[in-house]
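What follows is one structure encoded as structure tokens, with my remarks underneath.
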Amino acid sequence: MRWLIVLPFARPGLMGVDFGDELRELGHEVRLFPYRRDNALYKNAPTKAAYQRVILRRLERTCGDWRPDVVLVIKGGPITPELVRRVKKRRDALFVNFFPDNPLWMIPFECLEAYDVFFTKERYALRALQSVGLRNLHYLPMYCVPALHHPVTLTAEEATRYRADVSLVGSRYAYRERLVRELAAYPLRVWGGGWTRGADPALRRLVAGGAVFDRAKLCVYSGSTLALNPHHPMNDIVGVNTRAFELAAAGACQVADFKEDLTTLFKPGEEVLTYRDVGELKRLLDHYLQRPDEARAIGANARRRALAEHTLRHRVEEMLAVIQDRFGK
């Protein structure tokens, strides 16, 4: 089949580009259509609406010229239901969306209805939307990409820079800052955007660096005895974020706040450690910092599970099966 992947940015390693890579390996023809791009026109409020109209016209022309069988939209806030309906009226194309955030507050409701299939990783949102009659929904969790997410052996220089007893990788938000402050007495190192702007000296002392990508991120994961994964409280209600799968594929011992879906994806106590409050989190840290071999075993179990069930190939194959089952394509 011909797939047009509509995605924010067409840079290697980003979501959407990886879907294209997997689909090509499975024999499909793929083109990418980035709708954001790095320019001031999209980012500035006075010009954003006009720029989006231009992008939508280009997208409509691309669909007309190339005639894709499936248009896969990643997130796709600027993609209007009117555009979807116009293209579908003229072309025999399916529009599907893979939405990695919480659709209840990150995309207008009318946009959801326009898609033939809307894939969401958030079961809470799925149940809420089904309760008002939407039938185009399908649960599809996040994933790892084994070529990008895997253990690494740190050099001596990397060990000095990235090793940690307890690590946290993620941007600074108020809720995360509050959690980090609770853990100030622990051997915690934090990487992510915005942390150096914190006013609390005790918090700034824990900041090891800014945002990390590619090998640097893998060095943090592989160099940590325990890796924290506090989910965003508004974005991940019962669902699981991307970091959960990245950490597992890297063989890290993940310590995550409890999410309903997490227990269906990884076995608590054997493949992931979960907590419901700060007291339980501290008890886990106290226990496993004294038993690093147990932590490493949990990380190894998580990696085996991730590779067996939670790679992007697994998700793409499920997406293809849903499209075949519902539409015969």
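Simple scheme: letters A, B, ... for chains in structure tokens order, numbers from 1 for residues in each chain, numbers from 1 for ligands in the order shown.
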Residues near segment 160-177 of chain A, anyone? I mean within 6 Å using only C-alpha atoms, not counting same-chain ones fewer than 6 positions away, as JSON, numbers by chain. {"A": [187, 188, 189, 190, 191, 192, 193, 194, 195, 220, 223, 224, 225, 226, 227, 228]}
Excluding segment 29-34 of chain A and its own-chain neighbours fewer than 6 positions away, which residues fall within 9 Å of it when counting only C-alpha atoms? Please give them as number ranges by chain. A: 1-10, 16-17, 20-21, 23, 55, 59, 62, 68
Could those selected residues go to a file with C-alpha atoms, as a PDB file, in the first residue's frame?
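Written file, selection.pdb:
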ATOM      1  CA  MET A   1       0.000   0.000   0.000  1.00  0.00           C
ATOM      2  CA  ARG A   2       0.928   3.634  -0.392  1.00  0.00           C
ATOM      3  CA  TRP A   3       1.254   5.483   2.908  1.00  0.00           C
ATOM      4  CA  LEU A   4       1.476   9.231   3.330  1.00  0.00           C
ATOM      5  CA  ILE A   5       2.714   9.958   6.844  1.00  0.00           C
ATOM      6  CA  VAL A   6       1.758  13.416   8.064  1.00  0.00           C
ATOM      7  CA  LEU A   7       4.026  14.282  10.969  1.00  0.00           C
ATOM      8  CA  PRO A   8       5.362  17.346  12.796  1.00  0.00           C
ATOM      9  CA  PHE A   9       9.017  16.972  11.738  1.00  0.00           C
ATOM     10  CA  ALA A  10      10.742  14.648   9.266  1.00  0.00           C
ATOM     11  CA  GLY A  16       6.421   9.151  12.331  1.00  0.00           C
ATOM     12  CA  VAL A  17       9.769   8.779  10.604  1.00  0.00           C
ATOM     13  CA  GLY A  20       7.845   5.055   7.757  1.00  0.00           C
ATOM     14  CA  ASP A  21      10.979   2.975   8.237  1.00  0.00           C
ATOM     15  CA  LEU A  23       6.384   0.213   6.797  1.00  0.00           C
ATOM     16  CA  ILE A  55       0.329  23.634   4.735  1.00  0.00           C
ATOM     17  CA  LEU A  59      -1.260  18.471   1.901  1.00  0.00           C
ATOM     18  CA  THR A  62      -0.096  15.977  -2.270  1.00  0.00           C
ATOM     19  CA  PRO A  68      -2.094   7.372  -1.036  1.00  0.00           C
TER      20      PRO A  68
END
Quick one: distance from atom CA of Arg215 of chain A to atom CA of Arg11 of chain A in Å, one decimal?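 Result for atom CA of Arg215 of chain A versus atom CA of Arg11 of chain A: 16.4 Å, one decimal.
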Best match for closeness to Gly209 of chain A among A:Glu246, A:Arg197, A:Ala256, A:Leu94, counting only C-alpha atoms: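 Smallest distance to Gly209 of chain A is found for A:Arg197.
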Show which residues sit within 10 Å of Cys144 of chain A, as an mmCIF file with C-alpha atoms, in the first residue's frame. Count only C-alpha atoms, and ignore same-chain residues fewer than 5 positions away.
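To be explicit, this is the file written out as selection.cif:
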data_model
loop_
_atom_site.group_PDB
_atom_site.id
_atom_site.type_symbol
_atom_site.label_atom_id
_atom_site.label_comp_id
_atom_site.auth_asym_id
_atom_site.auth_seq_id
_atom_site.Cartn_x
_atom_site.Cartn_y
_atom_site.Cartn_z
ATOM 1 C CA HIS A 149 16.719 1.946 22.432
ATOM 2 C CA HIS A 150 19.194 -0.577 23.802
ATOM 3 C CA THR A 242 7.068 6.469 25.678
ATOM 4 C CA ARG A 243 9.832 6.551 28.284
ATOM 5 C CA ALA A 244 8.465 3.390 29.898
ATOM 6 C CA PHE A 245 9.276 1.429 26.753
ATOM 7 C CA GLU A 246 12.584 3.179 26.084
ATOM 8 C CA LEU A 247 13.795 2.411 29.598
ATOM 9 C CA ALA A 248 12.698 -1.202 29.316
ATOM 10 C CA ALA A 249 14.422 -1.692 25.961
ATOM 11 C CA ALA A 250 17.600 -0.169 27.404
ATOM 12 C CA ALA A 306 9.927 -5.083 25.540
ATOM 13 C CA LEU A 307 11.635 -6.880 22.664
ATOM 14 C CA GLU A 309 5.928 -7.613 22.781
ATOM 15 C CA HIS A 310 6.448 -3.848 22.660
ATOM 16 C CA THR A 311 8.507 -2.849 19.638
ATOM 17 C CA LEU A 312 7.311 -0.506 16.921
ATOM 18 C CA ARG A 313 7.088 -3.508 14.591
ATOM 19 C CA HIS A 314 4.489 -5.021 16.943
ATOM 20 C CA ARG A 315 2.465 -1.785 16.857
#
Suppose you want the space between atom CA of Phe266 of chain A and atom CA of Asn241 of chain A; what is it in Å? 13.0 Å
DSSP on the backbone: which residues in segment 234-310 of chain A end up as alpha helix (DSSP H)? Give the answer as number ranges by chain. A: 242-249, 262-265, 278-289, 292-309
Could you check the closest approach to Phe109 of chain A for each of A:Pro81, A:Lys121, A:Met142, A:Arg57 and tell me which residue wins, using only C-alpha atoms? A:Pro81
Nearest residue to Thr120 of chain A from the set A:Asn44, A:Thr153, A:Thr196, A:Asn235 (distances using only C-alpha atoms):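 Comparing A:Asn44, A:Thr153, A:Thr196, A:Asn235 against Thr120 of chain A, the winner is A:Asn235.
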